[in-house]
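Engineer: Sending over upload_21.txt (compact mmCIF, C-alpha atoms).
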# COMPACT_ATOMS: atom_id res chain seq x y z
CA MET P 36 29.91 -10.18 3.71
CA THR P 37 26.30 -9.37 4.52
CA SER P 38 24.03 -8.02 1.82
CA PRO P 39 22.78 -4.42 2.25
CA ARG P 40 19.41 -3.98 3.84
CA PRO P 41 16.53 -3.06 1.52
CA THR P 42 15.75 0.63 1.24
CA VAL P 43 12.30 1.92 2.18
CA LEU P 44 11.17 5.28 0.86
CA LEU P 45 8.86 6.73 3.53
CA THR P 46 6.58 9.72 2.95
CA GLY P 47 4.81 11.56 5.75
CA ALA P 48 7.56 10.76 8.26
CA THR P 49 6.69 13.79 10.40
CA GLY P 50 2.98 12.93 10.59
CA VAL P 51 1.11 11.00 13.27
CA ILE P 52 1.50 7.59 11.59
CA GLY P 53 4.80 8.23 9.84
CA SER P 54 6.58 9.38 13.00
CA ALA P 55 5.48 6.20 14.80
CA LEU P 56 6.44 4.05 11.84
CA LEU P 57 9.88 5.55 11.16
CA PRO P 58 11.80 3.96 14.08
CA ALA P 59 10.24 0.55 13.41
CA LEU P 60 11.24 0.70 9.75
CA ALA P 61 14.72 2.04 10.56
CA ALA P 62 15.33 -0.93 12.87
CA ARG P 63 14.91 -3.29 9.90
CA TYR P 64 15.73 -1.37 6.73
CA GLN P 65 17.60 1.55 5.26
CA VAL P 66 15.10 4.40 5.29
CA THR P 67 14.95 7.43 3.03
CA ALA P 68 12.40 10.00 4.19
CA LEU P 69 10.73 12.10 1.52
CA VAL P 70 10.19 15.42 3.28
CA HIS P 71 8.56 18.71 2.40
CA ARG P 72 9.76 21.10 5.10
CA SER P 73 10.70 19.47 8.40
CA ARG P 74 13.43 16.84 8.80
CA PRO P 75 12.06 14.01 10.98
CA PRO P 76 14.18 12.96 13.98
CA GLY P 77 15.83 9.58 13.40
CA ALA P 78 15.90 9.75 9.61
CA PRO P 79 19.56 9.66 8.49
CA THR P 80 18.67 10.17 4.82
CA CYS P 81 16.16 12.77 3.67
CA VAL P 82 15.15 13.97 0.22
CA GLN P 83 13.22 17.22 -0.07
CA ALA P 84 10.23 16.89 -2.39
CA ASP P 85 6.68 18.12 -2.90
CA LEU P 86 3.67 15.83 -3.30
CA THR P 87 1.75 18.62 -5.01
CA ALA P 88 4.36 19.20 -7.75
CA GLU P 89 4.70 17.14 -10.91
CA GLY P 90 7.73 14.88 -10.67
CA LEU P 91 7.54 15.51 -6.90
CA GLY P 92 9.49 18.68 -7.51
CA LEU P 93 12.65 16.70 -8.29
CA ASP P 94 14.84 17.23 -11.34
CA THR P 95 15.43 14.27 -13.63
CA ARG P 96 18.80 13.29 -12.16
CA ARG P 97 17.65 13.35 -8.53
CA ARG P 98 14.46 11.51 -9.39
CA ARG P 99 16.34 8.73 -11.23
CA ASP P 100 18.82 8.44 -8.37
CA LEU P 101 16.00 8.15 -5.85
CA ALA P 102 14.22 5.50 -7.94
CA ALA P 103 17.43 3.50 -8.40
CA ARG P 104 17.94 3.08 -4.65
CA THR P 105 14.34 2.45 -3.61
CA ASP P 106 13.17 -1.13 -2.99
CA VAL P 107 9.72 -0.41 -1.53
CA ILE P 108 7.66 2.72 -0.86
CA VAL P 109 5.55 3.29 2.26
CA HIS P 110 3.32 6.24 1.44
CA CYS P 111 1.93 7.90 4.58
CA GLY P 112 2.05 11.49 3.34
CA ALA P 113 -1.41 13.07 3.38
CA LEU P 114 -3.44 16.11 4.27
CA THR P 115 -5.67 15.38 7.28
CA ALA P 116 -6.62 18.89 8.44
CA PHE P 117 -10.20 19.26 9.67
CA ALA P 118 -11.09 22.21 7.47
CA PRO P 119 -8.34 23.62 5.25
CA PRO P 120 -9.08 27.00 3.66
CA ASP P 121 -9.38 25.31 0.27
CA LEU P 122 -11.05 21.88 0.28
CA THR P 123 -9.51 21.05 -3.12
CA ALA P 124 -6.20 20.74 -1.23
CA PHE P 125 -7.30 17.26 -0.17
CA ASP P 126 -7.26 16.11 -3.80
CA ASP P 127 -3.99 17.93 -4.53
CA VAL P 128 -2.15 16.13 -1.74
CA ASN P 129 -3.99 12.87 -1.12
CA ALA P 130 -5.12 11.85 -4.60
CA ASP P 131 -2.72 13.54 -7.02
CA GLY P 132 0.15 13.15 -4.54
CA THR P 133 -0.49 9.40 -4.56
CA ARG P 134 -0.55 9.41 -8.36
CA ARG P 135 2.91 11.01 -8.38
CA ILE P 136 4.25 8.52 -5.84
CA LEU P 137 2.91 5.62 -7.93
CA ARG P 138 4.69 7.05 -10.96
CA LEU P 139 7.93 7.02 -8.98
CA ALA P 140 7.19 3.43 -7.92
CA ALA P 141 6.86 2.47 -11.59
CA GLU P 142 10.26 4.00 -12.32
CA ALA P 143 11.78 2.21 -9.34
CA GLN P 144 9.88 -1.02 -10.08
CA ALA P 145 9.06 -1.01 -6.38
CA PRO P 146 5.93 -2.19 -4.57
CA VAL P 147 3.97 0.25 -2.44
CA VAL P 148 2.22 0.28 0.93
CA LEU P 149 -0.42 3.00 0.60
CA LEU P 150 -1.92 4.42 3.79
CA SER P 151 -5.51 5.22 2.91
CA SER P 152 -8.32 5.50 5.47
CA ALA P 153 -11.44 3.68 6.54
CA ALA P 154 -13.15 6.97 5.66
CA ALA P 155 -12.71 6.03 2.00
CA ALA P 156 -15.58 3.56 2.42
CA PHE P 157 -18.05 6.09 3.85
CA GLU P 158 -20.12 9.00 2.57
CA VAL P 159 -20.65 11.89 4.95
CA THR P 160 -23.90 13.83 4.68
CA GLY P 161 -24.53 17.42 5.70
CA ASP P 162 -23.76 20.88 4.35
CA ASP P 163 -21.88 22.33 7.33
CA LEU P 164 -18.15 22.99 6.97
CA THR P 165 -17.12 19.99 9.08
CA ALA P 166 -19.24 17.58 6.99
CA ARG P 167 -18.03 19.09 3.72
CA SER P 168 -14.43 18.83 4.90
CA MET P 169 -14.82 15.18 5.91
CA ARG P 170 -16.56 14.44 2.60
CA ALA P 171 -13.71 16.04 0.62
CA TYR P 172 -11.17 14.07 2.66
CA SER P 173 -12.87 10.70 2.13
CA SER P 174 -13.34 11.42 -1.59
CA SER P 175 -9.63 12.20 -1.96
CA LYS P 176 -8.74 8.89 -0.30
CA ARG P 177 -11.06 7.01 -2.67
CA ARG P 178 -9.39 8.68 -5.64
CA ALA P 179 -5.98 7.68 -4.28
CA GLU P 180 -7.18 4.08 -4.06
CA GLU P 181 -8.44 4.26 -7.63
CA TRP P 182 -4.99 5.35 -8.80
CA ALA P 183 -3.48 2.47 -6.84
CA ALA P 184 -5.82 -0.03 -8.48
CA HIS P 185 -4.28 0.87 -11.86
CA SER P 186 -0.68 0.78 -10.67
CA GLU P 187 1.92 -1.19 -12.62
CA GLN P 188 3.47 -2.27 -9.31
CA PRO P 189 1.93 -4.27 -6.44
CA VAL P 190 0.12 -1.97 -4.00
CA ALA P 191 -1.13 -2.92 -0.55
CA ILE P 192 -3.80 -0.39 0.44
CA VAL P 193 -4.17 -0.01 4.20
CA ARG P 194 -7.41 1.41 5.54
CA PRO P 195 -6.79 2.35 9.17
CA ALA P 196 -9.67 3.31 11.38
CA LEU P 197 -9.19 5.88 14.14
CA LEU P 198 -6.02 5.53 16.19
CA PHE P 199 -4.99 5.68 19.81
CA ALA P 200 -1.85 7.79 20.21
CA SER P 201 1.46 5.95 20.09
CA ARG P 202 2.68 5.22 23.61
CA SER P 203 6.18 6.33 22.55
CA ALA P 204 5.02 9.72 21.26
CA SER P 205 6.44 12.62 23.26
CA THR P 206 3.12 14.48 23.08
CA PRO P 207 -0.36 13.28 22.11
CA PRO P 208 -1.80 14.42 18.77
CA ARG P 209 -3.81 17.62 19.08
CA HIS P 210 -5.96 17.30 15.96
CA GLN P 211 -6.91 13.62 15.69
CA PHE P 212 -10.54 12.64 16.20
CA PRO P 213 -10.25 10.59 19.44
CA HIS P 214 -8.16 13.25 21.12
CA VAL P 215 -10.44 16.06 20.05
CA LEU P 216 -13.33 14.06 21.51
CA TYR P 217 -11.52 13.50 24.82
CA ASP P 218 -10.73 17.20 25.00
CA VAL P 219 -14.36 18.18 24.50
CA LEU P 220 -15.62 15.61 27.02
CA LEU P 221 -12.99 16.28 29.69
CA ARG P 222 -13.63 20.00 29.65
CA GLY P 223 -17.15 19.07 30.75
CA ARG P 224 -18.96 22.12 29.47
CA ALA P 225 -22.69 22.25 30.11
CA GLY P 226 -24.86 20.30 27.72
CA GLY P 227 -22.46 17.55 26.74
CA VAL P 228 -21.58 16.16 23.32
CA PRO P 229 -24.68 15.21 21.28
CA VAL P 230 -23.98 11.51 20.62
CA ASN P 231 -26.11 8.47 21.42
CA PRO P 232 -24.38 6.29 24.07
CA ASP P 233 -24.81 3.10 22.02
CA HIS P 234 -23.26 4.55 18.85
CA TRP P 235 -19.76 3.26 18.19
CA CYS P 236 -16.42 4.16 16.71
CA ASP P 237 -13.41 2.03 15.79
CA ILE P 238 -10.08 2.94 17.43
CA LEU P 239 -6.93 0.88 16.96
CA PRO P 240 -3.70 1.16 18.98
CA MET P 241 -0.98 2.78 16.86
CA GLU P 242 1.40 -0.07 17.73
CA LEU P 243 -0.85 -2.65 16.03
CA LEU P 244 -1.02 -0.53 12.88
CA VAL P 245 2.77 -0.18 12.84
CA ASP P 246 3.20 -3.94 13.28
CA TYR P 247 0.82 -4.59 10.39
CA ILE P 248 2.55 -2.14 8.05
CA ILE P 249 5.91 -3.74 8.87
CA ALA P 250 4.47 -7.18 8.09
CA LEU P 251 3.06 -5.87 4.79
CA THR P 252 6.40 -4.31 3.87
CA GLU P 253 8.19 -7.58 4.53
CA ALA P 254 5.64 -9.51 2.47
CA LEU P 255 5.95 -7.13 -0.48
CA LEU P 256 9.75 -7.30 -0.39
CA ALA P 257 9.50 -11.09 -0.38
CA GLY P 258 7.33 -10.95 -3.51
CA ASP P 259 4.22 -12.35 -1.81
CA PRO P 260 1.51 -12.13 -4.51
CA THR P 261 -1.34 -12.36 -1.99
CA VAL P 262 -0.85 -9.04 -0.20
CA GLY P 263 -1.94 -6.63 -2.92
CA GLY P 264 -5.32 -4.95 -2.56
CA VAL P 265 -7.20 -3.54 0.43
CA HIS P 266 -6.30 -4.28 4.06
CA TRP P 267 -8.58 -3.06 6.85
CA ALA P 268 -6.49 -2.15 9.91
CA THR P 269 -9.26 -1.82 12.49
CA ALA P 270 -10.42 -2.87 15.94
CA GLY P 271 -13.24 -4.83 14.29
CA PRO P 272 -15.38 -6.53 16.99
CA ALA P 273 -13.42 -4.63 19.68
CA ARG P 274 -15.07 -1.36 18.65
CA LEU P 275 -15.96 1.11 21.41
CA THR P 276 -19.24 2.85 22.13
CA ALA P 277 -19.71 6.48 23.08
CA ALA P 278 -20.74 5.19 26.51
CA ASP P 279 -17.37 3.42 26.85
CA ILE P 280 -15.55 6.66 26.08
CA GLU P 281 -17.77 8.69 28.40
CA GLU P 282 -17.14 6.22 31.23
CA ALA P 283 -13.36 6.37 30.70
CA CYS P 284 -13.49 10.17 30.83
CA LEU P 285 -15.71 10.18 33.93
CA ASP P 286 -13.35 7.74 35.69
CA TRP P 287 -10.33 9.91 34.91
CA LEU P 288 -12.09 13.11 35.99
CA GLU P 289 -12.95 11.48 39.32
CA GLU P 290 -9.42 10.17 39.76
CA ALA P 291 -7.94 13.58 38.91
CA GLY P 292 -10.11 15.33 41.49
CA ARG P 293 -12.22 17.06 38.84
CA PRO P 294 -15.52 15.15 39.04
CA ALA P 295 -18.04 15.92 36.33
CA ARG P 296 -21.17 17.80 37.30
CA GLY P 297 -23.35 15.66 35.07
CA PRO P 298 -23.38 13.41 31.99
CA LEU P 299 -20.80 14.14 29.32
CA LEU P 300 -23.09 13.04 26.48
CA ALA P 301 -26.33 14.70 25.42
CA GLU P 302 -29.33 13.62 23.37
CA PRO P 303 -28.53 14.32 19.69
CA ALA P 304 -32.03 15.69 19.18
CA THR P 305 -31.31 18.41 21.74
CA ALA P 306 -30.59 21.70 19.99
CA HIS P 307 -27.22 22.93 21.14
CA SER P 308 -24.85 25.61 19.96
CA ARG P 309 -21.86 23.28 20.27
CA THR P 310 -22.98 20.96 17.45
CA HIS P 311 -20.45 22.56 15.14
CA GLY P 312 -16.68 22.57 14.79
CA MET P 313 -14.93 20.04 17.01
CA ALA P 314 -18.15 18.83 18.65
CA ARG P 315 -19.71 18.32 15.21
CA LEU P 316 -16.67 16.29 14.20
CA ALA P 317 -17.10 14.13 17.29
CA GLN P 318 -20.75 13.61 16.38
CA LEU P 319 -19.92 12.55 12.81
CA GLY P 320 -17.30 10.07 13.97
CA PHE P 321 -19.78 7.58 15.43
CA GLN P 322 -21.86 4.88 13.76
CA PRO P 323 -25.29 3.58 14.89
CA PRO P 324 -25.49 0.11 16.49
CA THR P 325 -27.29 -1.18 13.40
CA GLN P 326 -24.10 -0.56 11.40
CA SER P 327 -21.91 -3.68 11.31
CA ALA P 328 -18.38 -3.57 12.71
CA LEU P 329 -15.67 -2.67 10.22
CA PRO P 330 -13.83 -5.54 8.55
CA CYS P 331 -10.55 -6.45 10.24
CA ASP P 332 -7.64 -7.95 8.29
CA LEU P 333 -5.04 -7.92 11.06
CA PRO P 334 -5.10 -11.73 11.49
CA ARG P 335 -3.92 -12.11 7.88
CA LEU P 336 -0.38 -11.12 8.90
CA LEU P 337 -0.40 -10.79 12.69
CA PRO P 338 -0.89 -13.57 15.25
CA ARG P 339 -4.16 -12.10 16.53
CA GLN P 340 -6.49 -9.13 16.50
CA LEU P 341 -7.35 -6.63 19.20
CA THR P 342 -9.55 -7.79 22.10
CA ARG P 343 -12.13 -5.60 23.76
CA ALA P 344 -10.24 -5.74 27.07
CA GLU P 345 -7.12 -4.43 25.30
CA ALA P 346 -9.16 -1.70 23.60
CA MET P 347 -10.59 -0.56 26.95
CA LYS P 348 -7.11 -0.51 28.52
CA ALA P 349 -5.75 1.50 25.60
CA LEU P 350 -8.70 3.89 25.90
CA ALA P 351 -8.04 4.55 29.60
CA HIS P 352 -4.36 5.23 28.88
CA ASP P 353 -5.18 7.51 25.95
CA VAL P 354 -7.68 9.57 27.94
CA ARG P 355 -5.12 10.18 30.69
CA ARG P 356 -2.49 11.32 28.20
CA CYS P 357 -4.83 13.72 26.46
CA ALA P 358 -6.35 15.51 29.45
CA PRO P 359 -6.49 19.19 28.33
CA TRP P 360 -4.94 20.42 31.58
CA ALA P 361 -1.99 18.04 31.05
CA ILE P 362 -1.16 19.19 27.51
Let's see the structure in the file written out as structure tokens.
Structural biologist:
Amino acid sequence: MTSPRPTVLLTGATGVIGSALLPALAARYQVTALVHRSRPPGAPTCVQADLTAEGLGLDTRRRRDLAARTDVIVHCGALTAFAPPDLTAFDDVNADGTRRILRLAAEAQAPVVLLSSAAAAFEVTGDDLTARSMRAYSSSKRRAEEWAAHSEQPVAIVRPALLFASRSASTPPRHQFPHVLYDVLLRGRAGGVPVNPDHWCDILPMELLVDYIIALTEALLAGDPTVGGVHWATAGPARLTAADIEEACLDWLEEAGRPARGPLLAEPATAHSRTHGMARLAQLGFQPPTQSALPCDLPRLLPRQLTRAEAMKALAHDVRRCAPWAI
């Protein structure tokens, strides 16, 4: 008689990362999805809960039952909105929600994979709404990591960079940074996006992130003492420049019979009314060439890391999927 498969408690299963991760986890483990409103497709077992409520909104009996059948927690649930009406919502969901999940992990005596963000390592300057929103988001992720550092159970903290859309996703994300940037560039409005061509951003294929989280989950279930702490899930040396992204967009516009009338990027010093909102977000998402590439921990558990050729191929595919006239 075969032993039952371990049970993974997954939060955020309807989100961008969680929805890509769910089928990969379900192929290997029993999965219980902790849901707030929507039931994710492919999750046979769901428990309704609330990250913003003490005890996750569960009564004592349901909470004990959930803890008793949980072997490992993969915590993807988070607020990632660009500018929620109340910026304190980032702390309510991302920081205090993590604290509540870690309390459940202590009851279950289960290790945790915590999805944080590379943004946790950066400070965003500026007083505009977009900058303040990004600053509140990164601060909430740092607080979540601080809670994890004091956890009674092993916690592997994953800091993903930006992400290419999952190739299996039925529709591309509408409110993730790379796809917002493609949208702005492909619409080709006069003036362009104010970003220096040699500034860079780090974008990782979703499939590599999923593979790494699966490897971390397996290591935690095996009791590997070396996998606690921070893991950078990034493109590392395969980072892309604004010029790379502009070229991919120009190539697709030409191929689609919608050639651009001029450059898609503009000098940042040029005053322009579009340096707010989505365009401002695009501007804040790039780093100067003097800034070193982000650390990359993928080779710790995967056979290799992303190559630049693979990153460029993924970029071309992503741009084509996210063309605004195709959405």
Engineer: Quick one: axis-aligned box around all listed atoms of segment 183-202 of chain P, 3 Å on every side, centre and edge lengths in Å to one decimal, written as lines of an AutoDock Vina configuration file.
Structural biologist:
center_x = -3.1
center_y = 1.8
center_z = 5.5
size_x = 19.1
size_y = 18.1
size_z = 42.2
Engineer: Which polymer residues have any atom within 8 Å of an atom of Asp131 of chain P, counting only C-alpha atoms, with same-chain residues fewer than 5 positions away left out, as an MDAnalysis selection string?
Structural biologist: chainID P and resid 86:87 126 179
Engineer: If I put a ball of radius 8 Å at (11.4, -1.4, 5.7) in the file's coordinates, which residues poke into it when counting all atoms listed in the file, written as a PyMOL selection string?
Structural biologist: chain P and resi 41-43+60-61+63-66+107+249+252-253
Engineer: Check the smallest atom-to-atom distance from each of P:Arg178, P:Arg97, P:Arg194, P:His214 to Arg134 of chain P using all atoms listed in the file, then report the winner.
Structural biologist: P:Arg178
Engineer: Nearest to Thr95 of chain P among P:Met169, P:Leu350, P:Leu139, P:Ile238, with distances taken over all atoms listed in the file: which residue is it?
Structural biologist: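 Of P:Met169, P:Leu350, P:Leu139, P:Ile238, the one nearest Thr95 of chain P is P:Leu139, counting all atoms listed in the file.
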Engineer: Need the neighbours of (2.2, 14.9, -1.7): which residues are at most 10 Å away, counting all atoms listed in the file, as a ChimeraX atom specification?
Structural biologist: /P:46-47,69-71,84-89,91,110-114,125-136
Engineer: Within 8 Å of Ala270 of chain P, counting only C-alpha atoms, which residues qualify if same-chain residues fewer than 6 places away don't, as an MDAnalysis selection string?
Structural biologist: chainID P and resid 196 237:239 329 331 340:342 346
Engineer: Would you mind exporting the chosen residues as a tab-separated table (two decimals), in the frame of the given file, restricted to C-alpha atoms?
Structural biologist:
chain	number	residue	atom	x	y	z
P	196	ALA	CA	-9.67	3.31	11.38
P	237	ASP	CA	-13.41	2.03	15.79
P	238	ILE	CA	-10.08	2.94	17.43
P	239	LEU	CA	-6.93	0.88	16.96
P	329	LEU	CA	-15.67	-2.67	10.22
P	331	CYS	CA	-10.55	-6.45	10.24
P	340	GLN	CA	-6.49	-9.13	16.50
P	341	LEU	CA	-7.35	-6.63	19.20
P	342	THR	CA	-9.55	-7.79	22.10
P	346	ALA	CA	-9.16	-1.70	23.60
Engineer: Save segment 276-287 of chain P to disk from that block, all heavy atoms included, as a PDB file, in the first residue's frame.
Structural biologist:
ATOM      1  N   THR P 276      17.760  45.079 -21.058  1.00  0.00           N
ATOM      2  CA  THR P 276      17.773  46.535 -21.051  1.00  0.00           C
ATOM      3  C   THR P 276      16.473  47.068 -21.652  1.00  0.00           C
ATOM      4  O   THR P 276      15.733  46.354 -22.340  1.00  0.00           O
ATOM      5  CB  THR P 276      18.959  47.083 -21.867  1.00  0.00           C
ATOM      6  OG1 THR P 276      18.790  46.720 -23.240  1.00  0.00           O
ATOM      7  CG2 THR P 276      20.282  46.547 -21.343  1.00  0.00           C
ATOM      8  N   ALA P 277      16.245  48.352 -21.419  1.00  0.00           N
ATOM      9  CA  ALA P 277      15.088  49.000 -22.044  1.00  0.00           C
ATOM     10  C   ALA P 277      15.207  48.937 -23.556  1.00  0.00           C
ATOM     11  O   ALA P 277      14.204  48.802 -24.266  1.00  0.00           O
ATOM     12  CB  ALA P 277      14.987  50.444 -21.559  1.00  0.00           C
ATOM     13  N   ALA P 278      16.440  49.018 -24.069  1.00  0.00           N
ATOM     14  CA  ALA P 278      16.646  48.921 -25.520  1.00  0.00           C
ATOM     15  C   ALA P 278      16.240  47.546 -26.041  1.00  0.00           C
ATOM     16  O   ALA P 278      15.690  47.427 -27.146  1.00  0.00           O
ATOM     17  CB  ALA P 278      18.105  49.212 -25.861  1.00  0.00           C
ATOM     18  N   ASP P 279      16.518  46.479 -25.270  1.00  0.00           N
ATOM     19  CA  ASP P 279      16.091  45.135 -25.666  1.00  0.00           C
ATOM     20  C   ASP P 279      14.570  45.069 -25.798  1.00  0.00           C
ATOM     21  O   ASP P 279      14.035  44.505 -26.759  1.00  0.00           O
ATOM     22  CB  ASP P 279      16.537  44.097 -24.627  1.00  0.00           C
ATOM     23  CG  ASP P 279      18.039  43.899 -24.574  1.00  0.00           C
ATOM     24  OD1 ASP P 279      18.708  44.058 -25.613  1.00  0.00           O
ATOM     25  OD2 ASP P 279      18.536  43.571 -23.476  1.00  0.00           O
ATOM     26  N   ILE P 280      13.886  45.651 -24.831  1.00  0.00           N
ATOM     27  CA  ILE P 280      12.422  45.600 -24.829  1.00  0.00           C
ATOM     28  C   ILE P 280      11.860  46.464 -25.947  1.00  0.00           C
ATOM     29  O   ILE P 280      10.908  46.075 -26.638  1.00  0.00           O
ATOM     30  CB  ILE P 280      11.883  46.024 -23.459  1.00  0.00           C
ATOM     31  CG1 ILE P 280      12.367  45.034 -22.387  1.00  0.00           C
ATOM     32  CG2 ILE P 280      10.360  46.106 -23.463  1.00  0.00           C
ATOM     33  CD1 ILE P 280      12.050  45.428 -20.963  1.00  0.00           C
ATOM     34  N   GLU P 281      12.466  47.640 -26.157  1.00  0.00           N
ATOM     35  CA  GLU P 281      12.028  48.482 -27.268  1.00  0.00           C
ATOM     36  C   GLU P 281      12.195  47.757 -28.600  1.00  0.00           C
ATOM     37  O   GLU P 281      11.284  47.768 -29.452  1.00  0.00           O
ATOM     38  CB  GLU P 281      12.831  49.785 -27.287  1.00  0.00           C
ATOM     39  CG  GLU P 281      12.413  50.710 -28.434  1.00  0.00           C
ATOM     40  CD  GLU P 281      13.324  51.914 -28.575  1.00  0.00           C
ATOM     41  OE1 GLU P 281      14.551  51.766 -28.375  1.00  0.00           O
ATOM     42  OE2 GLU P 281      12.810  53.004 -28.906  1.00  0.00           O
ATOM     43  N   GLU P 282      13.329  47.098 -28.796  1.00  0.00           N
ATOM     44  CA  GLU P 282      13.578  46.395 -30.050  1.00  0.00           C
ATOM     45  C   GLU P 282      12.566  45.271 -30.272  1.00  0.00           C
ATOM     46  O   GLU P 282      12.054  45.093 -31.384  1.00  0.00           O
ATOM     47  CB  GLU P 282      14.993  45.816 -30.054  1.00  0.00           C
ATOM     48  CG  GLU P 282      15.357  45.091 -31.341  1.00  0.00           C
ATOM     49  CD  GLU P 282      16.763  44.530 -31.331  1.00  0.00           C
ATOM     50  OE1 GLU P 282      17.478  44.732 -30.326  1.00  0.00           O
ATOM     51  OE2 GLU P 282      17.151  43.876 -32.307  1.00  0.00           O
ATOM     52  N   ALA P 283      12.246  44.514 -29.201  1.00  0.00           N
ATOM     53  CA  ALA P 283      11.259  43.441 -29.325  1.00  0.00           C
ATOM     54  C   ALA P 283       9.894  44.001 -29.714  1.00  0.00           C
ATOM     55  O   ALA P 283       9.170  43.407 -30.531  1.00  0.00           O
ATOM     56  CB  ALA P 283      11.165  42.655 -28.018  1.00  0.00           C
ATOM     57  N   CYS P 284       9.535  45.146 -29.149  1.00  0.00           N
ATOM     58  CA  CYS P 284       8.252  45.775 -29.485  1.00  0.00           C
ATOM     59  C   CYS P 284       8.259  46.310 -30.909  1.00  0.00           C
ATOM     60  O   CYS P 284       7.272  46.162 -31.651  1.00  0.00           O
ATOM     61  CB  CYS P 284       7.942  46.897 -28.495  1.00  0.00           C
ATOM     62  SG  CYS P 284       7.519  46.312 -26.835  1.00  0.00           S
ATOM     63  N   LEU P 285       9.363  46.927 -31.328  1.00  0.00           N
ATOM     64  CA  LEU P 285       9.467  47.434 -32.696  1.00  0.00           C
ATOM     65  C   LEU P 285       9.374  46.295 -33.707  1.00  0.00           C
ATOM     66  O   LEU P 285       8.703  46.413 -34.742  1.00  0.00           O
ATOM     67  CB  LEU P 285      10.780  48.198 -32.890  1.00  0.00           C
ATOM     68  CG  LEU P 285      10.871  49.573 -32.221  1.00  0.00           C
ATOM     69  CD1 LEU P 285      12.305  50.094 -32.269  1.00  0.00           C
ATOM     70  CD2 LEU P 285       9.920  50.559 -32.887  1.00  0.00           C
ATOM     71  N   ASP P 286      10.052  45.175 -33.418  1.00  0.00           N
ATOM     72  CA  ASP P 286      10.008  44.015 -34.312  1.00  0.00           C
ATOM     73  C   ASP P 286       8.590  43.486 -34.463  1.00  0.00           C
ATOM     74  O   ASP P 286       8.149  43.149 -35.568  1.00  0.00           O
ATOM     75  CB  ASP P 286      10.917  42.906 -33.789  1.00  0.00           C
ATOM     76  CG  ASP P 286      12.400  43.222 -33.950  1.00  0.00           C
ATOM     77  OD1 ASP P 286      12.721  44.185 -34.681  1.00  0.00           O
ATOM     78  OD2 ASP P 286      13.227  42.515 -33.336  1.00  0.00           O
ATOM     79  N   TRP P 287       7.862  43.417 -33.334  1.00  0.00           N
ATOM     80  CA  TRP P 287       6.504  42.886 -33.393  1.00  0.00           C
ATOM     81  C   TRP P 287       5.562  43.857 -34.107  1.00  0.00           C
ATOM     82  O   TRP P 287       4.692  43.447 -34.884  1.00  0.00           O
ATOM     83  CB  TRP P 287       6.010  42.575 -31.992  1.00  0.00           C
ATOM     84  CG  TRP P 287       4.571  42.156 -31.913  1.00  0.00           C
ATOM     85  CD1 TRP P 287       3.627  42.662 -31.069  1.00  0.00           C
ATOM     86  CD2 TRP P 287       3.900  41.157 -32.686  1.00  0.00           C
ATOM     87  NE1 TRP P 287       2.426  42.044 -31.265  1.00  0.00           N
ATOM     88  CE2 TRP P 287       2.562  41.113 -32.263  1.00  0.00           C
ATOM     89  CE3 TRP P 287       4.322  40.302 -33.716  1.00  0.00           C
ATOM     90  CZ2 TRP P 287       1.626  40.250 -32.812  1.00  0.00           C
ATOM     91  CZ3 TRP P 287       3.377  39.436 -34.272  1.00  0.00           C
ATOM     92  CH2 TRP P 287       2.057  39.409 -33.822  1.00  0.00           C
TER      93      TRP P 287
END
